[in-house]
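Some notes on the structure that comes next.
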Amino acid sequence: MDDPAISAPPPPGRPWYSPLELVKRLVLYLVIAYVVLCVYLFFMQNSLLYPREELSLGQARDQAVAVGLIPWEHSTGGSANPQGYVRPDFTGPAPRGTIVLFHGNGGTAYGRTAYVDAFTRRGFRTFLYEYPGYGGRPGTPGEAAIVPDARALIRDLDQAGYGPLYVWGESLGSGVAASVCANPNVHVRGLALVTPWDTLVNVAQSYYPWFPVRLILVDRYDSVANLQHFGRPICVIRSSEDEIIPPACSINLCNQLPEPKKIIVQDGYGHNDWPSSPELAWWDDALDFIAPKK
């Protein structure tokens, strides 16, 4: 007599196409895709934050000369040239001191000649700082590389007699400027921030709300924390219709900045189309606040 335990056919297995198995597979595939996207964002974040054009030093120098600027030839020890761009008469007198400009994440420092025009006519000399990897400068941009280098530059300019020194940041450059000014040993008399954010984490989270940006992001540029104890004049120039930096991030920064501070709102303008003509009166409002005339 056959043993029923041996002769009985095995119970039918659950087919792979059963609803439960399909749900399990779908969840698994979604988790894998989510993890892959997180890894992709982690490795691509530098390119996304710093979308620079590859230029040789010769190409950058020629383009700078074409707009009346030259590379700075006295870079801080250990820093790769060109650390920035200036007018040929940079070493001449400037009754109100020097403004160091940190530009946005697109283009180059020498592409910001509107700042030079606006500052020069109001008695300042201008140093257009260049990020590593931009404008013919070798290297890779990043908060850990840029901020110490920029602080060293400002110290060198101060020691060389180019003070009083002021800092001006635009977009990404506002985060750089705030990070530079977080160190109380950097002798900055006043600060202006154009289309700034509160923290880079908050901006990134607005673009990628379904991802753990706080865990992924390497560069932080926390302007709220960096300026908490600044204690010198800060002017914020923000665009009411900013489509790149969420207005809520700029407003949150304004609300949390210490005094003395001044807020200039460019009503009806976006991130890149704010009124930049050098003759406009708002330049005087901003500059007279951070660098009062004697």
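Ligands are numbered from 1 in the order shown, chains are lettered A, B, ... in the order of the structure tokens, and residues start at 1 in each chain.
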
Residues within 9 Å of stretch 113-128 of chain A, please, as a VMD selection string. Count only C-alpha atoms; anything in the same chain fewer than 2 positions from it doesn't count. chain A and resid 67 to 69 72 83 to 87 89 to 103 109 to 111 130 162 276 to 280 283 to 284 287

Please identify all polymer residues within 12 Å of stretch 273-275 of chain A, counting only C-alpha atoms, omitting same-chain residues fewer than 4 positions from it, and present them as JSON, numbers by chain. {"A": [114, 115, 118, 170, 194, 195, 237, 238, 239, 240, 241, 242, 243, 244, 264, 265, 266, 267, 268, 269, 279, 280, 281, 282, 283]}

Between atom CA of A:Pro246 and atom CA of A:Pro260, distance in Å (one decimal): 24.0 Å

I need the residues in stretch 98-286 of chain A that are alpha helix (DSSP H) according to DSSP; give them as an NGL selection string. :A and (113-120 or 143-159 or 172-181 or 200-207 or 213-216 or 223-226 or 247-256 or 281-286)

Near A:Tyr208, within 12 Å and counting only C-alpha atoms, which residues show up once chain neighbours fewer than 6 positions away are dropped, as JSON, numbers by chain? {"A": [37, 38, 41, 45, 201, 202, 214, 216, 217]}

Based on the selection just made, write N, CA and C atoms of those residues as a PDB file, in the first residue's frame.
ATOM      1  N   LEU A  37      17.612  56.360  -7.846  1.00  0.00           N
ATOM      2  CA  LEU A  37      17.495  57.800  -8.037  1.00  0.00           C
ATOM      3  C   LEU A  37      18.213  58.573  -6.939  1.00  0.00           C
ATOM      4  N   CYS A  38      18.146  58.092  -5.701  1.00  0.00           N
ATOM      5  CA  CYS A  38      18.864  58.741  -4.604  1.00  0.00           C
ATOM      6  C   CYS A  38      20.369  58.705  -4.853  1.00  0.00           C
ATOM      7  N   LEU A  41      21.200  61.193  -7.629  1.00  0.00           N
ATOM      8  CA  LEU A  41      21.223  62.568  -7.148  1.00  0.00           C
ATOM      9  C   LEU A  41      22.472  62.837  -6.319  1.00  0.00           C
ATOM     10  N   GLN A  45      24.974  65.733  -7.790  1.00  0.00           N
ATOM     11  CA  GLN A  45      24.637  66.997  -7.145  1.00  0.00           C
ATOM     12  C   GLN A  45      25.638  68.100  -7.458  1.00  0.00           C
ATOM     13  N   VAL A 201      19.517  73.376   1.756  1.00  0.00           N
ATOM     14  CA  VAL A 201      18.671  72.199   1.987  1.00  0.00           C
ATOM     15  C   VAL A 201      17.222  72.526   1.674  1.00  0.00           C
ATOM     16  N   ASN A 202      16.746  73.673   2.129  1.00  0.00           N
ATOM     17  CA  ASN A 202      15.354  74.040   1.890  1.00  0.00           C
ATOM     18  C   ASN A 202      15.069  74.256   0.408  1.00  0.00           C
ATOM     19  N   ARG A 214      18.164  66.097   2.899  1.00  0.00           N
ATOM     20  CA  ARG A 214      19.010  66.415   4.049  1.00  0.00           C
ATOM     21  C   ARG A 214      20.128  65.387   4.233  1.00  0.00           C
ATOM     22  N   ILE A 216      21.266  63.468   1.547  1.00  0.00           N
ATOM     23  CA  ILE A 216      22.014  63.367   0.297  1.00  0.00           C
ATOM     24  C   ILE A 216      22.965  64.541   0.107  1.00  0.00           C
ATOM     25  N   LEU A 217      22.527  65.740   0.490  1.00  0.00           N
ATOM     26  CA  LEU A 217      23.233  66.963   0.125  1.00  0.00           C
ATOM     27  C   LEU A 217      24.566  67.078   0.861  1.00  0.00           C
TER      28      LEU A 217
END

Using only C-alpha atoms, which residue out of A:Ile290, A:Leu49, A:Met44, A:Gly231 lies closest to A:Leu165?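 Once distances to A:Leu165 are computed over only C-alpha atoms, the minimum belongs to A:Ile290.
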
Choose the residue, out of A:Ala60, A:Ala291, A:Val203, A:Val213, that has the smallest atom-to-atom separation from A:Cys235; count only C-alpha atoms. A:Ala291
